[in-house]
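K.L.:
Quick one: the structure is below, and I'll ask about it shortly.
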There are 4 protein chains.
Amino acid sequence: MKAEQNKNRATLLISCPEKPGIISTVSNFLLEHQANIVQFDQHTTDPKAGMVFMRIEFDLSDFDASYDKLQEDMHQLGEEYNMKWQLSTKRERKRMAIFVTKRDACLMELIWRVKSGEIKAEISMVISNHNDLREIVEREGIPYYHIPISAETKDEAETRTLELLEGKVDFIVLARYMQILSPEFISKFPNRIINIHHSFLPAFVGANPYVRAFNRGVKLIGATAHYVTNDLDEGPIIEQDVIRVTHRYTAENLKVAGSHVEKHVLAHAVAWHVEDKVIVHGNKTIIFT
Amino acid sequence: MKAEQNKNRATLLISCPEKPGIISTVSNFLLEHQANIVQFDQHTTDPKAGMVFMRIEFDLSDFDASYDKLQEDMHQLGEEYNMKWQLSTKRERKRMAIFVTKRDACLMELIWRVKSGEIKAEISMVISNHNDLREIVEREGIPYYHIPISAETKDEAETRTLELLEGKVDFIVLARYMQILSPEFISKFPNRIINIHHSFLPAFVGANPYVRAFNRGVKLIGATAHYVTNDLDEGPIIEQDVIRVTHRYTAENLKVAGSHVEKHVLAHAVAWHVEDKVIVHGNKTIIFT
Amino acid sequence: MKAEQNKNRATLLISCPEKPGIISTVSNFLLEHQANIVQFDQHTTDPKAGMVFMRIEFDLSDFDASYDKLQEDMHQLGEEYNMKWQLSTKRERKRMAIFVTKRDACLMELIWRVKSGEIKAEISMVISNHNDLREIVEREGIPYYHIPISAETKDEAETRTLELLEGKVDFIVLARYMQILSPEFISKFPNRIINIHHSFLPAFVGANPYVRAFNRGVKLIGATAHYVTNDLDEGPIIEQDVIRVTHRYTAENLKVAGSHVEKHVLAHAVAWHVEDKVIVHGNKTIIFT
Amino acid sequence: MKAEQNKNRATLLISCPEKPGIISTVSNFLLEHQANIVQFDQHTTDPKAGMVFMRIEFDLSDFDASYDKLQEDMHQLGEEYNMKWQLSTKRERKRMAIFVTKRDACLMELIWRVKSGEIKAEISMVISNHNDLREIVEREGIPYYHIPISAETKDEAETRTLELLEGKVDFIVLARYMQILSPEFISKFPNRIINIHHSFLPAFVGANPYVRAFNRGVKLIGATAHYVTNDLDEGPIIEQDVIRVTHRYTAENLKVAGSHVEKHVLAHAVAWHVEDKVIVHGNKTIIFT
């Protein structure tokens with residue numbers, strides 16, 4: 001995991017309407033551009049009239065000579081086949097901003113996994129509407145910005161936030177960030193804001209979900225990581241998991257158990273996003289793990 | 001599991017307000033009645049002013065001589081301490097009726113586990129509003145009753161059902177029974193009707209939940225077993241579990257995956273009910289496993 | 001899952017040394033033979049000098065016209081690229097023989113999943129060295145052969161077994177079959193005999209593993225499904241799982257818990273084998289699920 | 001979880017031969033000493049001639065007045081009933097020393113859970129045969145001692161270690177400590193040294209287990225936490241868990257996956273030890289969770 005990143009490796013994600021020969025077309029295209037395919041994943045929703053999704057990792061033996069040309073030619077191929085596509089290299093790590101409020105579990109998990117090399121990204125900054133987590137962030141050498149938010153200052157706060165992010169961040173992780181982002185803000189980072197929230201069976205809508213889960217005697221506590229859309233907590237799901245609990249758990253114990261599921265689910269979602277393993281189609285995801 | 005049932009064993013379930021010395025009181029009571037405690041489980045919600053729940057398994061060396069007296073004296077103890085209590089012996093197996101519609105997975109799982117001795121109960125009868133599952137039931141030597149139900153005949157059908165159950169059944173399992181029982185019917189079997197239903201995070205209320213779970217791209221499919229109350233699907237939860245799914249699952253695959261979780265969750269819930277391991281308090285359960 | 005099998009669908013499994021352009025080569029080959037790729041999975045052990053594994057599901061619009069030619073031409077392609085390959089169609093279901101001794105859980109699970117359509121295969125026969133399970137097999141309309149085995153009659157029994165299997169069976173499932181097959185027998189079904197056995201952490205070699213697991217107080221009980229090789233219990237692993245247990249489980253309870261894991265692990269392994277989702281390479285498997 | 005510890009609470013663990021009335025005896029004893037039982041767990045191996053294990057949490061309304069007397073009288077009760085017993089209060093947190101070598105995952109998990117209050121203990125010191133982890137320990141304000149060990153200096157190093165521990169430590173956690181403790185050292189902390197090690201099904205004895213697990217294509221990677229005895233990796237098991245892996249995991253990936261299981265399994269084991277939820281009997285544990 002800590003191994004030197006392969007500097008000649010790139011990843012291509014493609015979504016397009018199903019068409020006979022599409023795999024030949026794409027693999028021939030890559031071969032012509034001196035790309036050696038290392039991993040090829042594909043999913044078809046319906047062989048007759050559906051969508052096809054591909055994720056291809058490949059090495060370019062002479063990266064500098066061929067990458068730009070490949071990227072340029074992809075535009076043409078993409079148009080021809082009505083593709084949504086995304087090409088990225090392992091030369092530069094993705095840069096994330098982490099938004100937090102006061103709870104530290106998810107934040108710490110992300111910092112750890114970045115340090116250990118499990119999440120191959122950089123944390124450009126942490127932004128919070130509170131100052132509580134400053135110390136544990138700054139001692140890791142990560143910039144921490146305190147941007148308080150109230151109903152009156154929300155617009156201004158988001159403007160300030162966008163200025164901080166400008167040119168420094170590829171995606172955002174809401175690691176238990178207890179503020180709702182505006183549609184304008186979200187539109188700047190389509191499918192590039194990852195949120196984590198607790199999940200229950202059944203769902204407990206409204207305030208104090210852990211108290212209500214406790215009162216209902218649930219046997220499982222869950223968490224869901226998803227991309228943020230304007231529909232609160234309703235964006236495409238990236239990962240989910242649960243943990244088993246018993247009648248001996250207090251509402252507070254449930255919360256702690258929940259925070260463990262949350263941090264792992266979020267860490268997986270972020271790692272997959274960073275490694276370009278997620279394709280969003282409509283309101284769902286294809287995860288090539 | 002198939003071992004001969006201990007004919008001298010009984011189980012006592014108690015719920016009562018917390019009171020200092022309550023464990024001494026109960027254990028002394030049992031000792032005075034020549035009961036040898038084999039397993040003692042207890043749970044306190046709040047040592048100051050909460051409820052205490054106990055489950056005690058014990059052997060009576062001279063069962064015939066002492067059981068009736070013990071039962072009689074429990075009434076007095078129960079009144080004194082404001083107890084809800086339940087005493088049962090392993091001399092007689094609990095008798096269940098299974099209600100089904102057309103799907104066989106949960107039904108078959110229950111039949112199997114009863115045959116293998118994992119669920120220490122008897123299946124007195126299977127009742128269905130359809131005839132589809134008759135053969136696989138009757139070949140096991142279990143009576144199968146077909147009671148069709150329509151909006152007009154519902155009252156009549158429930159009356160007929162109650163007549164069949166009369167004196168022959170201790171509890172009911174709804175093993176994917178696609179009819180809603182009336183409050184009158186439910187009131188005849190308080191905390192003695194177990195239902196199983198699929199569960200999702202998030203919840204998908206309304207028709208075709210599997211199609212909607214598919215469209216949302218959920219990563220987990222779950223199931224919840226609970227006691228039936230008048231509040232549809234909202235009774236005390238006995239057991240829950242989930243199974244992991246991927247984008248490759250069709251809506252139909254999700255349904256099949258769901259049926260596997262359902263049958264195991266239901267089997268656990270029924271086994272615990274049969275072994276008197278469940279205490280219901282308000283809308284939640286204490287499970288002494 | 002119960003949907004009509006696609007009569008025009010085939011599956012191609014390939015293992016060969018890594019070579020630039022291999023994916024183009026294979027996808028072009030299929031395109032030239034009018035094959036429309038529905039699912040394409042690939043795994044490379046090492047892009048420089050490793051092995052590449054592929055699983056391709058495809059539809060042939062005019063199956064009868066093109067399948068034989070495709071199969072014929074694959075021989076040439078296979079030789080050219082030093083491929084091990086396997087081509088199968090969904091026109092004919094794989095036929096399995098199930099070998100059992102006295103325990104029924106794994107056998108019943110397989111029968112059920114075949115009936116429900118989850119395992120898309122046929123059970124041609126059940127062979128046992130005992131008569132205990134005859135009734136539950138025959139009532140499903142499946143032939144049951146009793147072939148007793150002793151040290152003296154082993155050779156003869158295997159010969160008789162091979163005669164029964166001859167031309168009627170594509171693979172064998174040892175569903176808790178308590179006899180060891182001879183190397184000669186195994187060599188007739190390379191990577192086509194699936195076994196299930198219990199697994200513990202740590203391993204308990206020798207007699208009475210459940211008693212020893214009980215004495216050691218293990219917290220997990222596991223099962224492993226694998227292809228049978230001459231190295232007892234050491235063939236390529238197809239699937240594994242565990243179940244959580246506590247100090248309250250007796251050795252007998254551990255055994256029952258174990259039988260639940262065993263049957264599910266075995267059912268998954270058989271389903272994947274039937275759907276050509278398993279490639280064996282050396283002593284390990286690549287599972288394309 | 002971060003709530004103020006209840007200063008009037010104590011926990012009593014008892015192991016003794018089964019005897020009719022033993023629960024009455026113990027609960028009456030506690031009642032006579034003004035102890036209000038908050039949680040009572042019990043397990044009997046065999047009601048006829050087995051062992052009985054109890055864990056009792058209780059509050060003393062006037063702790064200072066009654067605790068010493070209760071403790072004194074327990075000696076007498078213990079002798080009378082041939083009990084092994086252990087009494088502890090929540091007034092003082094248990095103090096642990098963590099032994100590490102170079103890997104940080106388990107260490108960091110323990111530090112975090114102590115800080116968050118999930119593990120209600122104190123970390124008195126970290127001892128390592130290397131200096132690699134000094135910084136992340138010292139910045140938490142925890143003393144870090146570097147005690148190098150070679151074959152020649154082992155005795156001396158253990159002596160030095162014992163001096164450091166003397167009077168400052170209640171138990172030891174080997175958080176991926178790659179040295180073997182001598183029997184003399186272990187005898188100083190009976191059932192008070194917790195170790196974590198990776199576990200596989202099947203077991204891979206000897207060097208490079210992850211490489212060998214990779215070569216065998218295992219589908220699960222596990223971890224076991226246990227008390228250290230002279231029998232290497234064979235002491236009483238406290239907790240175990242596994243994580244699912246696939247053919248895409250390199251040996252290095254397996255190691256990372258393993259480190260996640262290890263840290264959670266170890267954290268649970270330590271938490272249970274700290275909360276006096278573990279009774280050791282022979283080579284197995286009873287865990288009252």
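Here's how to read the names in the structure tokens: chain A, B, ... by the order shown, residue numbers from 1 in each chain, ligand numbers from 1 in the order shown.
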Could you pull out the helix (DSSP H, G or I) residues of segment 30-239 of chain D, going by DSSP on the backbone, and write them as an NGL selection string?

P.N.:
:D and (30-32 or 63-80 or 105-115 or 134-138 or 154-165 or 183-188 or 209-216)

K.L.:
Pull out every residue of chain C sitting within 7 Å of chain D, counting only C-alpha atoms, and send them as a list in words.

P.N.:
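Close to chain D, chain C has Ser199, Phe200, Leu201, Pro202, Ala203, Asn215, Arg216, Gly217, Val218, Lys219, Leu220, Pro236, Ile237, Glu239, Gln240, His247, Asn283, Lys284, Thr285 and Ile286 of chain C.
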
K.L.:
Could the residues in this selection be written to a file with N, CA, C and O atoms, as an mmCIF file, in the first residue's frame?

P.N.:
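Wrote it out as part-v8.cif, contents follow:
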data_model
loop_
_atom_site.group_PDB
_atom_site.id
_atom_site.type_symbol
_atom_site.label_atom_id
_atom_site.label_comp_id
_atom_site.auth_asym_id
_atom_site.auth_seq_id
_atom_site.Cartn_x
_atom_site.Cartn_y
_atom_site.Cartn_z
ATOM 1 N N SER C 199 -13.793 -25.124 9.499
ATOM 2 C CA SER C 199 -12.505 -24.450 9.644
ATOM 3 C C SER C 199 -12.513 -23.699 10.956
ATOM 4 O O SER C 199 -13.506 -23.098 11.316
ATOM 5 N N PHE C 200 -11.391 -23.740 11.614
ATOM 6 C CA PHE C 200 -11.294 -23.032 12.880
ATOM 7 C C PHE C 200 -10.058 -22.153 12.886
ATOM 8 O O PHE C 200 -9.110 -22.400 12.155
ATOM 9 N N LEU C 201 -10.088 -21.139 13.718
ATOM 10 C CA LEU C 201 -8.892 -20.372 14.026
ATOM 11 C C LEU C 201 -8.661 -20.541 15.517
ATOM 12 O O LEU C 201 -9.480 -19.997 16.286
ATOM 13 N N PRO C 202 -7.667 -21.179 15.988
ATOM 14 C CA PRO C 202 -6.682 -21.911 15.195
ATOM 15 C C PRO C 202 -7.265 -23.208 14.651
ATOM 16 O O PRO C 202 -8.379 -23.567 15.003
ATOM 17 N N ALA C 203 -6.508 -23.869 13.806
ATOM 18 C CA ALA C 203 -6.955 -25.155 13.267
ATOM 19 C C ALA C 203 -6.871 -26.219 14.363
ATOM 20 O O ALA C 203 -6.011 -26.155 15.230
ATOM 21 N N ASN C 215 -13.298 -26.749 23.939
ATOM 22 C CA ASN C 215 -12.360 -26.677 25.067
ATOM 23 C C ASN C 215 -11.453 -25.459 24.986
ATOM 24 O O ASN C 215 -11.000 -24.949 25.999
ATOM 25 N N ARG C 216 -11.207 -25.006 23.785
ATOM 26 C CA ARG C 216 -10.336 -23.849 23.610
ATOM 27 C C ARG C 216 -11.119 -22.547 23.710
ATOM 28 O O ARG C 216 -10.549 -21.472 23.815
ATOM 29 N N GLY C 217 -12.455 -22.628 23.653
ATOM 30 C CA GLY C 217 -13.256 -21.420 23.787
ATOM 31 C C GLY C 217 -13.192 -20.511 22.576
ATOM 32 O O GLY C 217 -13.137 -19.288 22.714
ATOM 33 N N VAL C 218 -13.217 -21.087 21.376
ATOM 34 C CA VAL C 218 -13.169 -20.238 20.178
ATOM 35 C C VAL C 218 -14.396 -19.339 20.106
ATOM 36 O O VAL C 218 -15.454 -19.673 20.638
ATOM 37 N N LYS C 219 -14.244 -18.208 19.456
ATOM 38 C CA LYS C 219 -15.342 -17.252 19.328
ATOM 39 C C LYS C 219 -15.940 -17.264 17.927
ATOM 40 O O LYS C 219 -16.930 -16.572 17.662
ATOM 41 N N LEU C 220 -15.308 -17.977 17.013
ATOM 42 C CA LEU C 220 -15.792 -18.079 15.631
ATOM 43 C C LEU C 220 -15.726 -19.540 15.174
ATOM 44 O O LEU C 220 -14.777 -20.238 15.493
ATOM 45 N N PRO C 236 -7.593 -25.768 -3.922
ATOM 46 C CA PRO C 236 -7.886 -24.339 -4.101
ATOM 47 C C PRO C 236 -9.199 -23.939 -3.414
ATOM 48 O O PRO C 236 -10.241 -24.557 -3.639
ATOM 49 N N ILE C 237 -9.116 -22.908 -2.576
ATOM 50 C CA ILE C 237 -10.269 -22.440 -1.805
ATOM 51 C C ILE C 237 -11.231 -21.659 -2.706
ATOM 52 O O ILE C 237 -10.821 -20.734 -3.403
ATOM 53 N N GLU C 239 -14.590 -20.645 -1.357
ATOM 54 C CA GLU C 239 -15.308 -19.709 -0.484
ATOM 55 C C GLU C 239 -15.106 -20.101 0.971
ATOM 56 O O GLU C 239 -14.901 -21.278 1.284
ATOM 57 N N GLN C 240 -15.172 -19.095 1.848
ATOM 58 C CA GLN C 240 -15.048 -19.308 3.285
ATOM 59 C C GLN C 240 -15.986 -18.354 4.007
ATOM 60 O O GLN C 240 -16.266 -17.271 3.516
ATOM 61 N N HIS C 247 -19.372 -18.557 24.788
ATOM 62 C CA HIS C 247 -19.081 -19.602 25.780
ATOM 63 C C HIS C 247 -20.321 -20.421 26.120
ATOM 64 O O HIS C 247 -20.226 -21.472 26.735
ATOM 65 N N ASN C 283 -2.673 -23.356 -6.901
ATOM 66 C CA ASN C 283 -3.476 -23.789 -5.769
ATOM 67 C C ASN C 283 -4.417 -22.688 -5.268
ATOM 68 O O ASN C 283 -4.830 -22.676 -4.124
ATOM 69 N N LYS C 284 -4.722 -21.710 -6.135
ATOM 70 C CA LYS C 284 -5.667 -20.693 -5.710
ATOM 71 C C LYS C 284 -6.729 -20.450 -6.769
ATOM 72 O O LYS C 284 -6.606 -20.930 -7.907
ATOM 73 N N THR C 285 -7.769 -19.728 -6.374
ATOM 74 C CA THR C 285 -8.854 -19.465 -7.320
ATOM 75 C C THR C 285 -8.978 -17.968 -7.577
ATOM 76 O O THR C 285 -8.677 -17.147 -6.714
ATOM 77 N N ILE C 286 -9.421 -17.653 -8.764
ATOM 78 C CA ILE C 286 -9.898 -16.307 -9.080
ATOM 79 C C ILE C 286 -11.412 -16.447 -9.204
ATOM 80 O O ILE C 286 -11.912 -17.270 -9.969
#

K.L.:
Within 7 Å of Leu60 of chain B, counting only C-alpha atoms, which residues qualify if same-chain residues fewer than 3 places away don't, as an MDAnalysis selection string?

P.N.:
chainID B and resid 8:9 34:36 63

K.L.:
Based on the selection just made, write all heavy atoms of those residues as a JSON list (two decimals), in the first residue's frame.

P.N.:
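Once written, part.json looks like this:
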[["chain", "number", "residue", "atom", "x", "y", "z"],
["B", 8, "ASN", "N", -37.19, -31.98, 33.85],
["B", 8, "ASN", "CA", -37.33, -31.30, 35.13],
["B", 8, "ASN", "C", -37.01, -29.81, 35.05],
["B", 8, "ASN", "O", -36.86, -29.15, 36.06],
["B", 8, "ASN", "CB", -36.39, -31.96, 36.16],
["B", 8, "ASN", "CG", -36.79, -33.38, 36.41],
["B", 8, "ASN", "OD1", -37.98, -33.70, 36.51],
["B", 8, "ASN", "ND2", -35.79, -34.27, 36.47],
["B", 9, "ARG", "N", -36.88, -29.32, 33.86],
["B", 9, "ARG", "CA", -36.45, -27.93, 33.70],
["B", 9, "ARG", "C", -37.61, -26.99, 33.44],
["B", 9, "ARG", "O", -38.56, -27.33, 32.75],
["B", 9, "ARG", "CB", -35.43, -27.82, 32.57],
["B", 9, "ARG", "CG", -34.81, -26.43, 32.48],
["B", 9, "ARG", "CD", -33.48, -26.43, 31.81],
["B", 9, "ARG", "NE", -32.51, -27.21, 32.59],
["B", 9, "ARG", "CZ", -31.26, -27.44, 32.18],
["B", 9, "ARG", "NH1", -30.83, -26.95, 31.03],
["B", 9, "ARG", "NH2", -30.42, -28.15, 32.93],
["B", 34, "GLN", "N", -36.98, -25.76, 46.15],
["B", 34, "GLN", "CA", -36.11, -26.86, 45.69],
["B", 34, "GLN", "C", -35.71, -26.71, 44.21],
["B", 34, "GLN", "O", -35.46, -27.69, 43.52],
["B", 34, "GLN", "CB", -36.77, -28.24, 45.88],
["B", 34, "GLN", "CG", -36.66, -28.78, 47.30],
["B", 34, "GLN", "CD", -37.60, -28.04, 48.24],
["B", 34, "GLN", "OE1", -38.79, -27.90, 47.96],
["B", 34, "GLN", "NE2", -37.08, -27.57, 49.35],
["B", 35, "ALA", "N", -35.67, -25.46, 43.74],
["B", 35, "ALA", "CA", -35.25, -25.24, 42.35],
["B", 35, "ALA", "C", -33.75, -25.00, 42.30],
["B", 35, "ALA", "O", -33.23, -24.16, 43.05],
["B", 35, "ALA", "CB", -35.99, -24.04, 41.76],
["B", 36, "ASN", "N", -33.07, -25.70, 41.43],
["B", 36, "ASN", "CA", -31.64, -25.50, 41.26],
["B", 36, "ASN", "C", -31.40, -24.66, 40.00],
["B", 36, "ASN", "O", -31.65, -25.10, 38.88],
["B", 36, "ASN", "CB", -30.92, -26.85, 41.13],
["B", 36, "ASN", "CG", -29.42, -26.65, 41.09],
["B", 36, "ASN", "OD1", -28.90, -25.65, 41.60],
["B", 36, "ASN", "ND2", -28.71, -27.60, 40.48],
["B", 63, "PHE", "N", -39.98, -32.77, 40.23],
["B", 63, "PHE", "CA", -40.81, -31.85, 39.48],
["B", 63, "PHE", "C", -42.29, -31.95, 39.87],
["B", 63, "PHE", "O", -42.94, -30.95, 40.18],
["B", 63, "PHE", "CB", -40.66, -32.12, 37.98],
["B", 63, "PHE", "CG", -41.21, -31.03, 37.11],
["B", 63, "PHE", "CD1", -40.37, -30.04, 36.62],
["B", 63, "PHE", "CD2", -42.56, -30.97, 36.80],
["B", 63, "PHE", "CE1", -40.87, -29.02, 35.82],
["B", 63, "PHE", "CE2", -43.07, -29.95, 36.00],
["B", 63, "PHE", "CZ", -42.22, -28.98, 35.51]]

K.L.:
Please provide the set of residues having any atom within 12 Å of Ser61 of chain B, restricted to only C-alpha atoms, with same-chain residues fewer than 2 positions apart removed, written as a compact mmCIF listing (two decimals) with all heavy atoms, in the first residue's frame.

P.N.:
# COMPACT_ATOMS: atom_id res chain seq x y z
N ASN B 6 -34.77 -31.80 28.93
CA ASN B 6 -34.72 -32.04 30.36
C ASN B 6 -36.13 -31.89 30.93
O ASN B 6 -36.69 -30.80 30.97
CB ASN B 6 -33.78 -31.05 31.03
CG ASN B 6 -33.53 -31.44 32.47
OD1 ASN B 6 -34.41 -31.98 33.14
ND2 ASN B 6 -32.33 -31.17 32.94
N LYS B 7 -36.66 -32.97 31.40
CA LYS B 7 -38.06 -33.00 31.84
C LYS B 7 -38.27 -32.27 33.16
O LYS B 7 -39.39 -32.04 33.58
CB LYS B 7 -38.54 -34.45 31.98
CG LYS B 7 -38.60 -35.21 30.67
CD LYS B 7 -39.58 -34.54 29.70
CE LYS B 7 -39.80 -35.39 28.46
NZ LYS B 7 -40.50 -34.64 27.40
N ASN B 8 -37.19 -31.98 33.85
CA ASN B 8 -37.33 -31.30 35.13
C ASN B 8 -37.01 -29.81 35.05
O ASN B 8 -36.86 -29.15 36.06
CB ASN B 8 -36.39 -31.96 36.16
CG ASN B 8 -36.79 -33.38 36.41
OD1 ASN B 8 -37.98 -33.70 36.51
ND2 ASN B 8 -35.79 -34.27 36.47
N ARG B 9 -36.88 -29.32 33.86
CA ARG B 9 -36.45 -27.93 33.70
C ARG B 9 -37.61 -26.99 33.44
O ARG B 9 -38.56 -27.33 32.75
CB ARG B 9 -35.43 -27.82 32.57
CG ARG B 9 -34.81 -26.43 32.48
CD ARG B 9 -33.48 -26.43 31.81
NE ARG B 9 -32.51 -27.21 32.59
CZ ARG B 9 -31.26 -27.44 32.18
NH1 ARG B 9 -30.83 -26.95 31.03
NH2 ARG B 9 -30.42 -28.15 32.93
N ALA B 10 -37.51 -25.80 34.01
CA ALA B 10 -38.52 -24.75 33.78
C ALA B 10 -37.81 -23.42 33.59
O ALA B 10 -36.64 -23.27 33.93
CB ALA B 10 -39.48 -24.67 34.95
N LEU B 31 -34.92 -21.23 45.73
CA LEU B 31 -34.23 -22.19 46.61
C LEU B 31 -35.22 -22.86 47.56
O LEU B 31 -35.19 -24.08 47.76
CB LEU B 31 -33.13 -21.46 47.40
CG LEU B 31 -32.22 -22.32 48.26
CD1 LEU B 31 -31.43 -23.30 47.40
CD2 LEU B 31 -31.26 -21.45 49.08
N HIS B 33 -38.15 -23.47 47.01
CA HIS B 33 -38.99 -24.41 46.27
C HIS B 33 -38.16 -25.52 45.62
O HIS B 33 -38.60 -26.15 44.66
CB HIS B 33 -39.83 -23.67 45.22
CG HIS B 33 -40.92 -22.84 45.83
ND1 HIS B 33 -40.68 -21.63 46.42
CD2 HIS B 33 -42.27 -23.08 45.97
CE1 HIS B 33 -41.82 -21.13 46.89
NE2 HIS B 33 -42.80 -21.99 46.64
N GLN B 34 -36.98 -25.76 46.15
CA GLN B 34 -36.11 -26.86 45.69
C GLN B 34 -35.71 -26.71 44.21
O GLN B 34 -35.46 -27.69 43.52
CB GLN B 34 -36.77 -28.24 45.88
CG GLN B 34 -36.66 -28.78 47.30
CD GLN B 34 -37.60 -28.04 48.24
OE1 GLN B 34 -38.79 -27.90 47.96
NE2 GLN B 34 -37.08 -27.57 49.35
N ALA B 35 -35.67 -25.46 43.74
CA ALA B 35 -35.25 -25.24 42.35
C ALA B 35 -33.75 -25.00 42.30
O ALA B 35 -33.23 -24.16 43.05
CB ALA B 35 -35.99 -24.04 41.76
N ASN B 36 -33.07 -25.70 41.43
CA ASN B 36 -31.64 -25.50 41.26
C ASN B 36 -31.40 -24.66 40.00
O ASN B 36 -31.65 -25.10 38.88
CB ASN B 36 -30.92 -26.85 41.13
CG ASN B 36 -29.42 -26.65 41.09
OD1 ASN B 36 -28.90 -25.65 41.60
ND2 ASN B 36 -28.71 -27.60 40.48
N ILE B 37 -30.91 -23.44 40.20
CA ILE B 37 -30.75 -22.50 39.08
C ILE B 37 -29.63 -22.95 38.15
O ILE B 37 -28.51 -23.22 38.58
CB ILE B 37 -30.46 -21.08 39.60
CG1 ILE B 37 -31.68 -20.55 40.36
CG2 ILE B 37 -30.11 -20.15 38.44
CD1 ILE B 37 -31.45 -19.22 41.04
N PHE B 58 -34.19 -23.24 35.61
CA PHE B 58 -33.88 -24.04 36.80
C PHE B 58 -34.42 -25.46 36.66
O PHE B 58 -35.32 -25.72 35.87
CB PHE B 58 -34.45 -23.38 38.06
CG PHE B 58 -35.94 -23.12 38.00
CD1 PHE B 58 -36.85 -24.10 38.42
CD2 PHE B 58 -36.43 -21.92 37.52
CE1 PHE B 58 -38.22 -23.87 38.36
CE2 PHE B 58 -37.81 -21.70 37.46
CZ PHE B 58 -38.70 -22.66 37.88
N ASP B 59 -33.82 -26.36 37.44
CA ASP B 59 -34.28 -27.74 37.48
C ASP B 59 -34.98 -28.00 38.81
O ASP B 59 -34.55 -27.49 39.86
CB ASP B 59 -33.08 -28.70 37.37
CG ASP B 59 -32.50 -28.72 35.97
OD1 ASP B 59 -33.19 -28.27 35.03
OD2 ASP B 59 -31.35 -29.17 35.81
N PHE B 63 -39.98 -32.77 40.23
CA PHE B 63 -40.81 -31.85 39.48
C PHE B 63 -42.29 -31.95 39.87
O PHE B 63 -42.94 -30.95 40.18
CB PHE B 63 -40.66 -32.12 37.98
CG PHE B 63 -41.21 -31.03 37.11
CD1 PHE B 63 -40.37 -30.04 36.62
CD2 PHE B 63 -42.56 -30.97 36.80
CE1 PHE B 63 -40.87 -29.02 35.82
CE2 PHE B 63 -43.07 -29.95 36.00
CZ PHE B 63 -42.22 -28.98 35.51
N ASP B 64 -42.79 -33.19 39.87
CA ASP B 64 -44.22 -33.37 40.11
C ASP B 64 -44.63 -32.88 41.49
O ASP B 64 -45.71 -32.33 41.68
CB ASP B 64 -44.58 -34.85 39.93
CG ASP B 64 -44.33 -35.29 38.50
OD1 ASP B 64 -44.57 -34.47 37.57
OD2 ASP B 64 -43.86 -36.42 38.29
N ALA B 65 -43.73 -33.07 42.44
CA ALA B 65 -44.07 -32.68 43.81
C ALA B 65 -44.04 -31.17 44.00
O ALA B 65 -44.80 -30.61 44.79
CB ALA B 65 -43.08 -33.34 44.78
N SER B 66 -43.18 -30.48 43.26
CA SER B 66 -42.95 -29.07 43.63
C SER B 66 -43.41 -28.03 42.61
O SER B 66 -43.58 -26.86 42.96
CB SER B 66 -41.47 -28.86 43.95
OG SER B 66 -40.66 -29.45 42.97
N TYR B 67 -43.65 -28.43 41.36
CA TYR B 67 -43.93 -27.42 40.34
C TYR B 67 -45.22 -26.64 40.60
O TYR B 67 -45.25 -25.41 40.51
CB TYR B 67 -43.99 -28.05 38.95
CG TYR B 67 -44.17 -27.02 37.85
CD1 TYR B 67 -43.11 -26.21 37.47
CD2 TYR B 67 -45.40 -26.84 37.23
CE1 TYR B 67 -43.27 -25.25 36.48
CE2 TYR B 67 -45.57 -25.89 36.24
CZ TYR B 67 -44.50 -25.09 35.87
OH TYR B 67 -44.66 -24.14 34.91
N PRO D 20 -26.10 -26.21 44.77
CA PRO D 20 -27.45 -25.65 44.85
C PRO D 20 -27.50 -24.46 45.80
O PRO D 20 -26.88 -24.49 46.87
CB PRO D 20 -28.28 -26.83 45.40
CG PRO D 20 -27.52 -28.05 45.01
CD PRO D 20 -26.07 -27.65 45.05
N PRO D 47 -25.09 -28.22 35.36
CA PRO D 47 -25.82 -28.00 36.62
C PRO D 47 -25.59 -29.09 37.64
O PRO D 47 -25.78 -28.88 38.83
CB PRO D 47 -27.29 -27.95 36.17
CG PRO D 47 -27.34 -28.45 34.77
CD PRO D 47 -25.99 -28.26 34.18
N LYS D 48 -25.16 -30.28 37.19
CA LYS D 48 -24.96 -31.37 38.14
C LYS D 48 -23.60 -31.27 38.84
O LYS D 48 -23.53 -31.24 40.05
CB LYS D 48 -25.06 -32.73 37.41
CG LYS D 48 -26.47 -33.08 36.96
CD LYS D 48 -27.16 -33.99 37.96
CE LYS D 48 -28.67 -33.93 37.87
NZ LYS D 48 -29.21 -33.92 36.51
